[in-house]
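S.K.: So here's target_1.cif, just mmCIF, C-alpha atoms:
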data_query
#
loop_
_atom_site.label_atom_id
_atom_site.label_comp_id
_atom_site.auth_asym_id
_atom_site.auth_seq_id
_atom_site.Cartn_x
_atom_site.Cartn_y
_atom_site.Cartn_z
CA MET A 1 159.74 -7.51 58.09
CA LYS A 2 161.24 -10.70 56.67
CA LYS A 3 159.71 -12.03 53.46
CA TYR A 4 159.49 -15.57 52.11
CA LYS A 5 158.81 -17.26 48.80
CA TRP A 6 156.89 -20.47 49.52
CA THR A 7 155.37 -23.09 47.24
CA THR A 8 152.12 -25.03 47.42
CA HIS A 9 152.39 -28.43 49.04
CA GLN A 10 148.70 -29.36 49.09
CA VAL A 11 145.23 -27.81 48.95
CA ILE A 12 142.33 -29.48 50.78
CA GLN A 13 138.67 -28.62 50.29
CA GLU A 14 137.33 -28.33 53.86
CA THR A 15 133.77 -27.34 52.92
CA LYS A 16 132.15 -26.11 49.73
CA ASP A 17 133.29 -22.57 50.63
CA ALA A 18 136.58 -23.16 52.47
CA VAL A 19 140.01 -24.53 51.59
CA THR A 20 143.16 -25.23 53.59
CA ILE A 21 146.43 -24.39 51.83
CA PHE A 22 149.56 -26.23 53.00
CA PHE A 23 152.89 -24.59 52.15
CA SER A 24 156.32 -25.99 51.49
CA THR A 25 158.78 -23.56 53.07
CA ASP A 26 161.69 -24.77 50.91
CA GLN A 27 164.08 -25.06 53.86
CA ASP A 28 163.15 -21.64 55.27
CA THR A 29 163.19 -21.69 59.07
CA ILE A 30 159.77 -20.46 60.12
CA GLU A 31 158.89 -19.73 63.74
CA TYR A 32 155.40 -18.80 64.84
CA GLN A 33 153.02 -19.20 67.75
CA PRO A 34 149.52 -20.71 67.66
CA GLY A 35 147.06 -17.91 66.89
CA GLN A 36 149.41 -15.78 64.79
CA TYR A 37 148.85 -14.93 61.13
CA LEU A 38 150.61 -14.30 57.82
CA ASN A 39 150.28 -11.43 55.36
CA ILE A 40 150.07 -12.89 51.86
CA SER A 41 150.48 -10.92 48.62
CA CYS A 42 148.76 -11.99 45.42
CA ILE A 43 147.79 -10.61 42.00
CA VAL A 44 144.02 -10.91 41.59
CA ASN A 45 142.66 -10.04 38.15
CA GLY A 46 145.64 -7.76 37.57
CA GLU A 47 145.34 -6.02 40.93
CA PRO A 48 148.07 -6.49 43.59
CA LEU A 49 146.45 -7.36 46.92
CA GLN A 50 147.69 -8.25 50.38
CA ARG A 51 145.56 -9.93 53.04
CA SER A 52 146.08 -11.48 56.46
CA TYR A 53 145.31 -15.16 57.15
CA SER A 54 145.68 -16.98 60.46
CA PHE A 55 147.67 -20.17 60.73
CA SER A 56 145.42 -23.21 61.00
CA SER A 57 148.51 -25.38 61.50
CA ALA A 58 150.37 -25.79 64.76
CA PRO A 59 154.11 -24.99 64.99
CA ALA A 60 154.89 -28.70 65.35
CA ASP A 61 153.22 -29.51 62.01
CA LYS A 62 155.59 -30.24 59.12
CA PHE A 63 153.80 -27.93 56.68
CA PRO A 64 152.39 -24.56 57.78
CA SER A 65 148.85 -23.93 56.59
CA ILE A 66 146.12 -21.32 56.39
CA THR A 67 142.41 -21.86 55.92
CA VAL A 68 140.47 -19.49 53.67
CA LYS A 69 136.69 -19.14 53.48
CA ARG A 70 134.59 -17.47 50.82
CA VAL A 71 133.11 -14.19 52.08
CA ALA A 72 130.79 -11.60 50.57
CA GLY A 73 132.90 -9.05 48.68
CA GLY A 74 136.15 -10.81 49.56
CA LYS A 75 138.29 -10.21 46.47
CA MET A 76 141.32 -12.18 47.56
CA SER A 77 139.66 -14.78 49.79
CA ASN A 78 137.16 -15.73 47.10
CA TYR A 79 139.93 -15.87 44.51
CA LEU A 80 141.99 -18.20 46.69
CA VAL A 81 139.05 -20.51 47.38
CA ASP A 82 138.51 -20.87 43.63
CA ASN A 83 142.12 -20.84 42.42
CA ALA A 84 144.50 -21.95 45.19
CA LYS A 85 145.14 -25.28 43.43
CA ASN A 86 146.46 -23.36 40.42
CA ILE A 87 148.90 -21.20 42.40
CA SER A 88 152.41 -22.62 42.73
CA GLU A 89 154.32 -19.79 44.46
CA TRP A 90 153.35 -17.46 47.30
CA ASP A 91 154.80 -14.17 48.58
CA ILE A 92 154.68 -14.38 52.36
CA ASP A 93 155.54 -11.91 55.12
CA ALA A 94 156.92 -13.11 58.45
CA PRO A 95 154.37 -14.27 61.06
CA ILE A 96 152.85 -11.59 63.25
CA GLY A 97 150.10 -11.21 65.84
CA ASN A 98 149.46 -11.09 69.58
CA PHE A 99 146.44 -13.42 69.77
CA ILE A 100 148.49 -16.21 71.28
CA LEU A 101 148.59 -18.74 74.10
CA LYS A 102 150.94 -17.09 76.56
CA LYS A 103 153.05 -19.52 78.53
CA HIS A 104 151.73 -18.48 81.95
CA ILE A 105 148.15 -19.27 80.86
CA ILE A 106 148.48 -22.88 79.72
CA PRO A 107 149.62 -24.94 82.75
CA ASP A 108 146.97 -24.07 85.33
CA SER A 109 144.04 -22.43 83.53
CA GLU A 110 140.83 -23.80 82.15
CA LEU A 111 140.52 -22.66 78.51
CA VAL A 112 137.38 -21.76 76.56
CA PHE A 113 137.38 -21.17 72.79
CA LEU A 114 134.46 -19.24 71.29
CA ALA A 115 134.36 -19.45 67.50
CA GLY A 116 132.23 -18.75 64.48
CA GLY A 117 132.80 -19.63 60.81
CA SER A 118 136.40 -19.28 59.66
CA GLY A 119 137.25 -17.79 63.06
CA ILE A 120 138.01 -21.38 64.02
CA SER A 121 141.37 -21.16 62.17
CA PRO A 122 143.58 -19.52 64.84
CA LEU A 123 141.70 -21.41 67.56
CA PHE A 124 142.30 -24.72 65.77
CA SER A 125 146.02 -23.92 65.72
CA MET A 126 145.85 -23.40 69.48
CA LEU A 127 143.76 -26.53 70.08
CA LYS A 128 146.25 -28.72 68.24
CA SER A 129 148.99 -27.33 70.47
CA LEU A 130 147.02 -28.21 73.62
CA ILE A 131 146.45 -31.92 72.97
CA LYS A 132 148.50 -32.99 75.99
CA THR A 133 146.95 -30.59 78.52
CA ALA A 134 145.37 -32.16 81.59
CA CYS A 135 142.07 -30.28 81.31
CA PRO A 136 140.44 -30.54 77.85
CA PRO A 137 139.45 -27.09 76.52
CA LEU A 138 135.81 -26.19 75.85
CA LEU A 139 134.90 -25.08 72.31
CA LEU A 140 131.64 -23.32 71.42
CA TYR A 141 131.48 -23.21 67.62
CA SER A 142 128.78 -21.55 65.50
CA THR A 143 128.31 -22.52 61.84
CA SER A 144 125.32 -22.75 59.52
CA SER A 145 125.27 -26.58 59.37
CA PRO A 146 127.44 -29.67 59.99
CA GLU A 147 128.43 -29.62 56.30
CA ASP A 148 129.72 -26.05 56.70
CA THR A 149 131.78 -26.85 59.79
CA ILE A 150 135.48 -26.33 59.04
CA PHE A 151 137.73 -29.05 60.54
CA LYS A 152 134.61 -31.09 61.36
CA PHE A 153 136.29 -34.50 61.34
CA GLN A 154 139.48 -33.36 63.08
CA LEU A 155 137.45 -31.77 65.87
CA GLU A 156 135.31 -34.89 66.23
CA GLU A 157 138.46 -36.99 66.54
CA MET A 158 139.86 -34.68 69.21
CA GLU A 159 136.61 -34.93 71.16
CA LYS A 160 136.55 -38.71 70.77
CA ASN A 161 140.06 -38.84 72.25
CA LYS A 162 138.95 -36.63 75.17
CA GLN A 163 141.24 -33.81 74.05
CA LEU A 164 138.37 -31.38 73.64
CA ARG A 165 134.75 -30.71 74.61
CA ILE A 166 132.60 -29.22 71.83
CA PHE A 167 129.16 -27.63 71.64
CA HIS A 168 127.84 -26.53 68.24
CA SER A 169 125.34 -23.90 67.16
CA PHE A 170 123.92 -24.63 63.68
CA THR A 171 122.29 -21.38 62.61
CA GLY A 172 120.85 -22.74 59.36
CA LEU A 173 118.96 -25.66 60.92
CA ASN A 174 115.55 -25.80 62.54
CA LYS A 175 115.88 -29.24 64.15
CA GLU A 176 118.33 -30.91 66.49
CA ILE A 177 121.08 -33.24 65.22
CA LYS A 178 121.26 -36.56 67.04
CA GLY A 179 124.64 -37.65 68.37
CA ILE A 180 126.09 -34.12 68.39
CA ASN A 181 126.16 -31.68 71.30
CA SER A 182 124.38 -28.87 69.50
CA ILE A 183 121.45 -26.52 69.22
CA SER A 184 119.58 -25.44 66.10
CA GLY A 185 119.68 -21.68 65.75
CA ARG A 186 121.99 -19.10 67.24
CA PHE A 187 123.81 -19.00 70.54
CA SER A 188 122.24 -16.68 73.11
CA GLN A 189 123.54 -15.25 76.36
CA PRO A 190 121.56 -17.71 78.53
CA ILE A 191 122.84 -20.70 76.52
CA ILE A 192 126.47 -19.53 76.61
CA LYS A 193 126.23 -18.83 80.35
CA SER A 194 124.70 -22.26 80.94
CA LEU A 195 127.42 -24.08 78.98
CA ILE A 196 130.25 -22.24 80.71
CA GLY A 197 128.63 -22.95 84.07
CA GLN A 198 128.22 -26.62 83.16
CA TYR A 199 131.77 -27.28 81.90
CA ILE A 200 134.03 -24.71 83.60
CA LYS A 201 134.72 -25.11 87.32
CA GLN A 202 136.33 -21.72 87.98
CA LYS A 203 134.93 -19.45 85.30
CA ASN A 204 136.53 -16.27 86.67
CA LYS A 205 140.00 -17.82 86.48
CA ALA A 206 139.54 -19.42 83.05
CA HIS A 207 140.88 -17.77 79.89
CA TYR A 208 138.62 -17.15 76.90
CA PHE A 209 139.70 -16.88 73.25
CA ILE A 210 137.22 -15.38 70.77
CA CYS A 211 137.31 -15.24 66.96
CA GLY A 212 134.55 -15.08 64.35
CA PRO A 213 132.02 -12.68 62.79
CA VAL A 214 131.84 -9.33 64.58
CA GLU A 215 128.27 -9.65 65.88
CA LEU A 216 128.94 -13.11 67.29
CA MET A 217 132.17 -11.92 68.91
CA GLN A 218 130.28 -9.06 70.53
CA LEU A 219 127.72 -11.55 71.88
CA TYR A 220 130.46 -13.76 73.30
CA ARG A 221 132.25 -10.80 74.86
CA GLU A 222 129.11 -9.23 76.35
CA THR A 223 128.17 -12.60 77.86
CA LEU A 224 131.59 -12.99 79.47
CA LEU A 225 131.44 -9.47 80.89
CA ALA A 226 127.95 -10.22 82.25
CA LEU A 227 129.53 -13.22 84.00
CA GLN A 228 132.07 -10.79 85.50
CA ILE A 229 134.99 -12.42 83.71
CA PRO A 230 138.06 -10.16 84.10
CA GLU A 231 138.96 -8.21 80.96
CA SER A 232 142.50 -9.58 81.23
CA ASN A 233 141.16 -13.11 80.73
CA ILE A 234 139.27 -12.28 77.50
CA HIS A 235 141.39 -12.51 74.33
CA THR A 236 139.98 -11.50 70.93
CA GLU A 237 141.08 -11.66 67.30
CA TYR A 238 139.06 -9.52 64.88
CA PHE A 239 139.11 -10.48 61.20
CA ASP A 240 136.82 -7.52 60.45
CA PRO A 241 136.70 -5.23 63.49
CA VAL A 242 134.21 -2.56 64.42
CA ILE A 243 136.07 0.59 63.41
CA THR A 244 136.13 3.50 65.82
CA ASP A 245 135.04 6.83 64.36
CA LYS A 246 137.94 9.12 63.47
CA ILE A 247 137.65 11.48 66.42
CA ILE A 248 141.03 13.16 66.16
CA VAL A 249 141.97 15.85 68.65
CA ILE A 250 143.56 18.71 66.70
CA GLU A 251 144.03 22.32 67.73
CA ASN A 252 143.41 23.86 64.32
CA GLU A 253 142.56 22.96 60.74
CA GLU A 254 146.06 23.56 59.39
CA HIS A 255 147.99 20.77 57.75
CA ARG A 256 150.94 19.15 59.51
CA GLU A 257 154.39 18.37 58.18
CA ILE A 258 156.09 15.16 59.26
CA LEU A 259 159.59 13.85 58.65
CA VAL A 260 159.64 10.34 57.18
CA SER A 261 162.75 8.16 56.94
CA TYR A 262 162.51 5.07 54.75
CA PHE A 263 164.53 2.74 52.56
CA GLU A 264 164.39 2.31 48.78
CA THR A 265 165.83 -0.64 46.90
CA HIS A 266 167.13 -0.27 43.34
CA TYR A 267 168.87 -2.66 40.99
CA ARG A 268 171.96 -1.58 39.06
CA ASP A 269 173.96 -4.01 36.94
CA ASN A 270 171.92 -6.86 38.47
CA GLU A 271 173.00 -5.84 41.97
CA GLU A 272 170.56 -4.88 44.70
CA GLN A 273 171.35 -1.50 46.27
CA THR A 274 169.45 -0.06 49.24
CA TYR A 275 169.35 3.67 49.99
CA GLU A 276 168.14 5.48 53.11
CA CYS A 277 165.83 8.36 52.19
CA THR A 278 164.22 11.21 54.12
CA SER A 279 161.20 13.25 53.02
CA LEU A 280 159.11 16.04 54.51
CA ILE A 281 155.48 15.05 54.01
CA ASP A 282 152.33 17.20 54.16
CA VAL A 283 149.45 15.68 56.14
CA GLN A 284 146.02 17.23 55.65
CA PRO A 285 143.54 17.50 58.57
CA GLY A 286 141.86 14.12 59.12
CA GLN A 287 144.35 12.34 56.87
CA SER A 288 146.12 9.27 58.28
CA LEU A 289 149.88 8.95 58.05
CA LEU A 290 149.47 6.04 55.65
CA GLU A 291 147.25 8.09 53.34
CA ALA A 292 149.66 11.02 53.37
CA ILE A 293 152.79 8.92 52.83
CA SER A 294 151.18 6.88 50.04
CA ALA A 295 150.12 10.11 48.31
CA HIS A 296 153.84 10.97 48.03
CA ALA A 297 154.53 7.70 46.18
CA ILE A 298 156.47 6.17 49.07
CA GLN A 299 155.95 2.41 49.10
CA VAL A 300 154.53 1.19 52.41
CA PRO A 301 153.36 -2.39 53.05
CA SER A 302 149.66 -2.29 53.92
CA SER A 303 146.67 -4.59 53.79
CA CYS A 304 143.60 -4.16 55.96
CA LYS A 305 143.71 -0.39 56.67
CA LYS A 306 141.77 -1.21 59.85
CA GLY A 307 144.54 -1.72 62.39
CA THR A 308 144.40 -5.52 62.36
CA CYS A 309 147.10 -6.87 60.03
CA GLY A 310 150.07 -4.92 61.41
CA SER A 311 151.83 -4.69 58.05
CA CYS A 312 152.01 -0.86 57.99
CA TRP A 313 153.92 -0.48 61.26
CA ALA A 314 156.59 2.16 61.70
CA ILE A 315 158.66 3.66 64.52
CA GLN A 316 157.65 7.00 66.01
CA GLU A 317 160.80 8.95 66.94
CA ASN A 318 159.45 12.40 67.82
CA GLY A 319 156.25 14.37 68.22
CA GLN A 320 152.74 13.44 69.29
CA ILE A 321 150.55 10.96 67.42
CA LYS A 322 147.01 9.70 67.98
CA MET A 323 146.56 5.99 67.10
CA VAL A 324 142.81 5.35 66.80
CA ASN A 325 142.58 1.55 66.54
CA ASN A 326 145.21 -1.07 67.32
CA TYR A 327 144.46 -4.78 67.02
CA ALA A 328 147.98 -5.82 65.93
CA LEU A 329 150.66 -4.35 68.19
CA SER A 330 151.32 -5.50 71.74
CA ASP A 331 151.53 -3.05 74.64
CA GLU A 332 155.28 -3.65 74.71
CA GLU A 333 155.62 -2.75 71.01
CA VAL A 334 153.61 0.44 71.50
CA THR A 335 155.82 1.37 74.45
CA GLU A 336 158.85 0.84 72.20
CA GLY A 337 157.43 3.41 69.77
CA LYS A 338 155.76 1.24 67.15
CA ILE A 339 152.66 2.68 65.47
CA LEU A 340 150.24 1.60 62.75
CA LEU A 341 150.36 4.18 59.97
CA CYS A 342 146.79 3.47 58.82
CA GLN A 343 145.45 4.39 62.27
CA SER A 344 147.85 7.20 63.22
CA TYR A 345 147.34 10.97 62.98
CA PRO A 346 149.88 13.70 63.81
CA LEU A 347 148.96 16.11 66.61
CA ASP A 348 151.85 18.56 66.20
CA GLN A 349 154.52 19.72 63.75
CA SER A 350 157.42 17.80 65.31
CA VAL A 351 156.44 14.27 64.26
CA SER A 352 159.16 12.13 62.74
CA ILE A 353 158.87 8.42 61.92
CA VAL A 354 161.00 5.64 60.49
CA ILE A 355 159.58 3.02 58.12
CA ALA A 356 161.76 -0.06 58.63
#
Represent the supplied structure as structure tokens.
M.R.:
Amino acid sequence: MKKYKWTTHQVIQETKDAVTIFFSTDQDTIEYQPGQYLNISCIVNGEPLQRSYSFSSAPADKFPSITVKRVAGGKMSNYLVDNAKNISEWDIDAPIGNFILKKHIIPDSELVFLAGGSGISPLFSMLKSLIKTACPPLLLYSTSSPEDTIFKFQLEEMEKNKQLRIFHSFTGLNKEIKGINSISGRFSQPIIKSLIGQYIKQKNKAHYFICGPVELMQLYRETLLALQIPESNIHTEYFDPVITDKIIVIENEEHREILVSYFETHYRDNEEQTYECTSLIDVQPGQSLLEAISAHAIQVPSSCKKGTCGSCWAIQENGQIKMVNNYALSDEEVTEGKILLCQSYPLDQSVSIVIA
């Protein structure tokens, strides 16, 4: 995966708990699609961390950006909210992600965006790319209050220019806000159904993009399924997914041995030299490939360990593997042999993989 060294162009305080960081790419050619994300590495209180952040910019914007919100227990996110203005350089991995506006969807489909909190980021990237569409998208957006609404003024401007239709849910309020299409309290299935029925002419042909807190995403999804929306028209991006239990089908409790090919980079006389290495790795029952490989001191890029960021991908060459969760790789990539090491478990003794 290609890596970049970017610098800070600007940091904007969106709300009291959210900032948008604009990057200067220093002449790097960067290509991405609305809805994709970056893996960013950072040293936080002496600890090296890597986290995934969705683009809040659109590809046509001069400076790519991400938007970061403070979250409970979020080591890196909270650090960035407090310290982004003091960071001058950033270690960035190439854009990745399959939560995108596919070309066949845009021309003829009605589009509905269902957001909550910082889940607006990838959807905002999409919305900015759809300004010239004939049918303005519908956005249902849940936040605690107007003051906590990320991109509040930009969204209002888009609605004013008839580029968007918005309905807000303010979960921290107990009274209605005049002049804003909103409810006080949380969205419910009847309200979501009513809004879709009111604004969307052909709801079964529309496409729906969901991102936000897990419980809210589940509500959105369950409502769409209750409306008999086809699964193929429901697109989701989990920042913190519900993790499937590790139910791994194994024939016995013996450990497995897998063959791992990887590359190591060393510096000699100020010259970078890359070597191809091969190791036979023991994998204990119930141990993921990432856990086993990391235990042998082989450096593997990894971040979420939940199957969402995609940074720990590898190529499966032989053997049988069970991949429990996959929120990062496309069906085409899986068909090509790509796996996520953090979610993959060997099912036989003939497994061999390549870490690119």
S.K.: In Å, with one decimal, what is the gap from CA of Val112 in chain A to CA of Leu138 in chain A?
M.R.: 4.8 Å
S.K.: Run through the PyMOL selection byres ((chain A and resi 150-161) around 9) on the given coordinates and return the selected residues as a PyMOL selection string.
M.R.: chain A and resi 14-15+18-19+67+117-118+120-121+124+128+131+136+143+146-149+162-166
S.K.: Pick out the residues sitting within 7 Å of Phe167 in chain A, and hand them over as number ranges by chain; count only C-alpha atoms, and ignore anything fewer than 3 positions along from it in its own chain.
M.R.: A: 139-141, 181-182
S.K.: Run through the PyMOL selection byres ((chain A and resi 284-291) around 8) on the given coordinates and return the selected residues as an MDAnalysis selection string.
M.R.: chainID A and resid 246 248 253:256 282:283 292:295 300 312 341:346
S.K.: Given the file above and the PyMOL selection byres ((chain A and resi 42) around 9), which residues are selected, and can you give them as a list of chain:residue names?
M.R.: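 When the PyMOL selection byres ((chain A and resi 42) around 9) is applied, the selected residues are A:Ile40, A:Ser41, A:Ile43, A:Val44, A:Glu47, A:Pro48, A:Leu49, A:Gln50, A:Arg51, A:Met76, A:Trp90, A:Asp91.
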S.K.: Give me, please, the distance in Å between CA of Ile315 in chain A and CA of Leu329 in chain A, quoted to one decimal.
M.R.: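 Going from CA of Ile315 in chain A over to CA of Leu329 in chain A, I get 11.9 Å.
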S.K.: What residues have an atom no more than 12 Å from (129.5, -15.9, 66.3) in the file's own frame, counting only C-alpha atoms, and can you write them as a PyMOL selection string?
M.R.: chain A and resi 113-120+140-144+168-171+185-189+192+210-221+238
S.K.: Would you mind reading off the distance between CA of Pro301 in chain A and CA of Ala314 in chain A, one decimal, in Å?
M.R.: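 Answer for the CA of Pro301 in chain A to CA of Ala314 in chain A separation: 10.3 Å.
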S.K.: With all atoms of range 295-306 of chain A from the file as input, state the centre and edge lengths in Å to one decimal of the axis-aligned box that has 8 Å extra on each side, as JSON.
M.R.:
{"center_x": 149.1, "center_y": 3.2, "center_z": 53.0, "size_x": 30.7, "size_y": 31.6, "size_z": 29.7}
S.K.: Pick from A:Ala60, A:Ile353, A:Ala328, A:Leu227: nearest to Ala206 in chain A, with only C-alpha atoms counted?
M.R.: A:Leu227
S.K.: May I ask which of the residues A:Asn204, A:Ser52, A:Ser145, A:Ser57 is the closest one to Ser184 in chain A, counting only C-alpha atoms?
M.R.: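 Checking each candidate against Ser184 in chain A, we get A:Ser145 as the closest.
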S.K.: Compare A:Pro230, A:Gly74, A:Pro122, A:Gly307 by their minimum atom-to-atom distance to Val324 in chain A, counting all atoms listed in the file, and give me the closest one.
M.R.: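 Of the candidates, the smallest distance to Val324 in chain A is held by A:Gly307.
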S.K.: Given only C-alpha atoms as the basis, pick out the residue of A:Phe23, A:Tyr275, A:Tyr327, A:Tyr262 nearest to Ile355 in chain A.
M.R.: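 Looking only at the distances to Ile355 in chain A, the closest residue turns out to be A:Tyr262.
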S.K.: Mind running range 196-283 of chain A against range 101-110 of chain A at 8 Å and telling me each contacting residue's nearest atom pair with the distance in Å (one decimal), counting only C-alpha atoms, chain and number ascending, as a tab-separated table?
M.R.:
residue	atom	partner	partner_atom	distance
A:Ile200	CA	A:Glu110	CA	7.0
A:Gln202	CA	A:Glu110	CA	7.7
A:Lys203	CA	A:Glu110	CA	8.0
A:Lys205	CA	A:Ser109	CA	6.8
A:Ala206	CA	A:Glu110	CA	4.7
A:His207	CA	A:Glu110	CA	6.4
S.K.: Point out the residue among A:Asp269, A:Asp348, A:Asp240, A:Glu276 with the least atom-to-atom distance to Lys306 in chain A, counting only C-alpha atoms.
M.R.: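 Of the candidates, the smallest distance to Lys306 in chain A is held by A:Asp240.
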S.K.: With N, CA and C atoms as the goal, would you fill in the gaps in range 45-69 of chain A and present it as a compact mmCIF listing (two decimals), in the frame of the given file?
M.R.:
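Generated file (rebuild_14.txt):
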# COMPACT_ATOMS: atom_id res chain seq x y z
N ASN A 45 143.22 -10.73 39.33
CA ASN A 45 142.66 -10.04 38.15
C ASN A 45 143.45 -8.77 37.83
N GLY A 46 144.77 -8.88 37.90
CA GLY A 46 145.64 -7.76 37.57
C GLY A 46 145.88 -6.77 38.68
N GLU A 47 145.22 -6.96 39.81
CA GLU A 47 145.34 -6.02 40.93
C GLU A 47 146.19 -6.64 42.05
N PRO A 48 147.27 -5.96 42.47
CA PRO A 48 148.07 -6.49 43.59
C PRO A 48 147.32 -6.31 44.91
N LEU A 49 147.16 -7.39 45.64
CA LEU A 49 146.45 -7.36 46.92
C LEU A 49 147.29 -8.01 48.00
N GLN A 50 147.07 -7.60 49.23
CA GLN A 50 147.69 -8.25 50.38
C GLN A 50 146.63 -8.42 51.46
N ARG A 51 146.55 -9.64 52.00
CA ARG A 51 145.56 -9.93 53.04
C ARG A 51 146.21 -10.76 54.14
N SER A 52 145.58 -10.74 55.30
CA SER A 52 146.08 -11.48 56.46
C SER A 52 145.27 -12.76 56.65
N TYR A 53 145.97 -13.87 56.91
CA TYR A 53 145.31 -15.16 57.15
C TYR A 53 145.98 -15.85 58.33
N SER A 54 145.15 -16.30 59.28
CA SER A 54 145.68 -16.98 60.46
C SER A 54 146.20 -18.36 60.12
N PHE A 55 147.23 -18.78 60.82
CA PHE A 55 147.67 -20.17 60.73
C PHE A 55 146.56 -21.09 61.23
N SER A 56 146.27 -22.14 60.48
CA SER A 56 145.42 -23.21 61.00
C SER A 56 146.27 -24.40 61.41
N SER A 57 147.54 -24.36 61.07
CA SER A 57 148.51 -25.38 61.50
C SER A 57 149.05 -25.02 62.87
N ALA A 58 149.64 -26.01 63.52
CA ALA A 58 150.37 -25.79 64.76
C ALA A 58 151.86 -25.76 64.45
N PRO A 59 152.67 -25.08 65.27
CA PRO A 59 154.11 -24.99 64.99
C PRO A 59 154.80 -26.34 64.82
N ALA A 60 154.27 -27.38 65.46
CA ALA A 60 154.89 -28.70 65.35
C ALA A 60 154.56 -29.40 64.03
N ASP A 61 153.59 -28.89 63.28
CA ASP A 61 153.22 -29.51 62.01
C ASP A 61 154.34 -29.32 60.98
N LYS A 62 154.51 -30.29 60.11
CA LYS A 62 155.59 -30.24 59.12
C LYS A 62 155.37 -29.12 58.11
N PHE A 63 154.11 -28.94 57.69
CA PHE A 63 153.80 -27.93 56.68
C PHE A 63 152.88 -26.87 57.28
N PRO A 64 153.30 -25.61 57.30
CA PRO A 64 152.39 -24.56 57.78
C PRO A 64 151.20 -24.43 56.85
N SER A 65 150.06 -24.04 57.41
CA SER A 65 148.85 -23.93 56.59
C SER A 65 148.00 -22.76 57.04
N ILE A 66 147.18 -22.28 56.11
CA ILE A 66 146.12 -21.32 56.39
C ILE A 66 144.82 -21.89 55.87
N THR A 67 143.72 -21.43 56.40
CA THR A 67 142.41 -21.86 55.92
C THR A 67 141.63 -20.63 55.50
N VAL A 68 141.12 -20.65 54.27
CA VAL A 68 140.47 -19.49 53.67
C VAL A 68 139.02 -19.83 53.35
N LYS A 69 138.11 -18.93 53.73
CA LYS A 69 136.69 -19.14 53.48
C LYS A 69 136.15 -18.05 52.56
